[in-house]
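**Q** My questions all concern the structure below.
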Amino acid sequence: MKHKILLPFLFTLLVAQVLFAQVNLVPNPSFEDTVSCPTLLGQVTKAKYWYDILNTPDYFHECSTVSAISVPSNVCGYQYPATGMAYMGGFDYYLGTDTNYREIIGAHLIEPLSIGTTYYVTFKVSFAAGVFQAINIATNRMGILFSTIDYTTTPPHINNFSQIYSDRIIADSINWVTIRGSFVADSAYSFISIGNF
């Protein structure tokens with residue numbers, strides 16, 4: 001059985017760290033490579049290879065001159081990246097009229113996963129203790145969903161499934177919390193989605 005490593009760097013609710021010197025199938029896993037520096041909230045596509053899947057997740061980079069999306073201090077609070085200069089952020093649960101509101105990002109993998117191969121996934125999350133009450137809700141079930149479609153035209157079903165996730169409630173706003181897991185690919189997945197499913 002073959003083994004490969006997937007190591008995405010994600011969110012202010014999700015940032016990952018390269019821990020092994022194996023093949024990483026996630027492009028721009030630390031979000032550092034930019035198309036251009038973000039100038040507004042909701043500009044996930046300013047990070048090379050990444051796009052928003054559901055609602056308006058945010059891209060935070062130290063190159064930004066806008067305080068709301070700068071690093072380390074921004075609208076979500078104060079957090080240095082787990083590594084590098086950038087991270088993504090988004091609501092994984094929203095306390096409001098639509099309790100099923102989530103923000104999800106995605107990317108096209110460098111190559112499709114091989115059916116029957118075991119994949120190891122590691123990513124980091126940090127609770128965003130920002131100024132907005134809706135942000136200050138610690139949750140669990142942060143995860144990564146692998147799929148054969150990119151969900152850019154049709155969002156994924158929020159059906160309580162992702163291949164990698166944490167049942168732990170993430171409430172640490174100072175440290176990055178590592179989430180890791182493995183799974184055997186049952187399809188030739190070509191896309192990664194990150195959020196709360």
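Each chain in the structure tokens gets a letter, A, B and so on, in the order shown; residues start at 1 in every chain, and ligands are counted from 1 in the order they appear.
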Excluding Cys63 in chain A and any residue of its chain fewer than 6 positions from it, enumerate the residues within 12 Å of it, using only C-alpha atoms, and give them as a PyMOL selection string.
**A** chain A and resi 32-39+46-47+69-72+84-87
**Q** Contacts of His157 in chain A at 12 Å or less, counting only C-alpha atoms, minus same-chain residues fewer than 6 places along, as a list in words?
**A**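 Counting only the stated atoms, we get Ile53, Leu54, Asn100, Tyr101, Arg102, Ile104, Leu145, Ser147, Tyr151, Ser193, Asn196 and Phe197 of chain A.
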**Q** Write out the residues from the selection above, keeping N, CA and C atoms, as a compact mmCIF listing (two decimals), in the first residue's frame.
**A**
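The resulting file, result_21.txt, is shown below:
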# COMPACT_ATOMS: atom_id res chain seq x y z
N ILE A 53 -15.70 28.66 -1.62
CA ILE A 53 -16.72 27.70 -2.01
C ILE A 53 -18.07 28.11 -1.47
N LEU A 54 -18.08 28.52 -0.24
CA LEU A 54 -19.35 28.84 0.42
C LEU A 54 -19.20 30.15 1.18
N ASN A 100 -27.12 27.44 9.93
CA ASN A 100 -26.39 26.53 9.06
C ASN A 100 -25.39 27.30 8.19
N TYR A 101 -25.15 28.57 8.50
CA TYR A 101 -24.20 29.39 7.75
C TYR A 101 -22.78 28.93 8.05
N ARG A 102 -22.00 28.74 7.00
CA ARG A 102 -20.60 28.37 7.13
C ARG A 102 -19.82 29.04 6.01
N ILE A 104 -16.45 28.28 3.59
CA ILE A 104 -15.60 27.16 3.18
C ILE A 104 -14.70 27.61 2.03
N LEU A 145 -12.68 18.14 3.47
CA LEU A 145 -13.47 17.26 2.61
C LEU A 145 -12.76 17.14 1.27
N SER A 147 -13.03 15.75 -2.64
CA SER A 147 -14.15 15.50 -3.56
C SER A 147 -13.66 15.39 -5.00
N TYR A 151 -17.10 22.28 -6.40
CA TYR A 151 -18.14 22.99 -5.65
C TYR A 151 -18.16 24.49 -5.90
N SER A 193 -11.67 20.83 0.20
CA SER A 193 -12.51 21.88 0.77
C SER A 193 -12.25 21.90 2.27
N ASN A 196 -16.38 23.63 8.09
CA ASN A 196 -17.17 22.80 8.99
C ASN A 196 -18.30 22.20 8.18
N PHE A 197 -18.33 20.89 8.09
CA PHE A 197 -19.31 20.22 7.24
C PHE A 197 -20.41 19.55 8.05
**Q** Interatomic distance between CA of Thr117 in chain A and CA of Thr178 in chain A?
**A**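 CA of Thr178 in chain A lies at a distance of 22.8 Å from CA of Thr117 in chain A.
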**Q** Using only C-alpha atoms, find the one residue out of A:Thr122, A:Ser114, A:Asn160, A:Ser166 that sits nearest to Arg180 in chain A.
**A**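 Checking each candidate against Arg180 in chain A, we get A:Thr122 as the closest.
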**Q** For the structure I just gave you, how does DSSP split range 41-148 of chain A - specifically, which residues are strand (DSSP E or B)? Reply as a ChimeraX atom specification.
**A** /A:47,50-54,58-61,73-74,77-78,86-89,104-108,118-125,139,142-147
**Q** Rank A:Asn159, A:Thr148, A:Asn55, A:Asn140 by their smallest atom-to-atom distance to Glu111 in chain A, using only C-alpha atoms, and report the top residue only.
**A** A:Thr148
**Q** Nearest residue to Tyr189 in chain A out of A:Phe127, A:Tyr119, A:Trp50, A:Phe161, using only C-alpha atoms?
**A**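 Looking only at the distances to Tyr189 in chain A, the closest residue turns out to be A:Tyr119.
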**Q** From the options A:Gln79, A:Ser162, A:Ser30, A:Ser182, which residue's atoms come nearest to Tyr120 in chain A, counting only C-alpha atoms?
**A**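 When distances to Tyr120 in chain A are compared using only C-alpha atoms, the smallest one comes from A:Ser182.
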**Q** CA of Pro57 in chain A to CA of Gly106 in chain A: how many Å, to one decimal?
**A**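 Between CA of Pro57 in chain A and CA of Gly106 in chain A the gap works out to 10.4 Å.
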**Q** Could you check the closest approach to Ile169 in chain A for each of A:Ala138, A:Ile194, A:Leu25, A:Val125 and tell me which residue wins, using only C-alpha atoms?
**A**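 Closest to Ile169 in chain A, using only C-alpha atoms: A:Ala138.
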**Q** From the list A:Arg141, A:Tyr78, A:Ala188, A:Glu62, which residue is nearest Tyr165 in chain A when using only C-alpha atoms?
**A** A:Arg141
**Q** Record the distance separating CA of Asp167 in chain A and CA of Ile115 in chain A, expressed in Å with one decimal.
**A** 26.1 Å
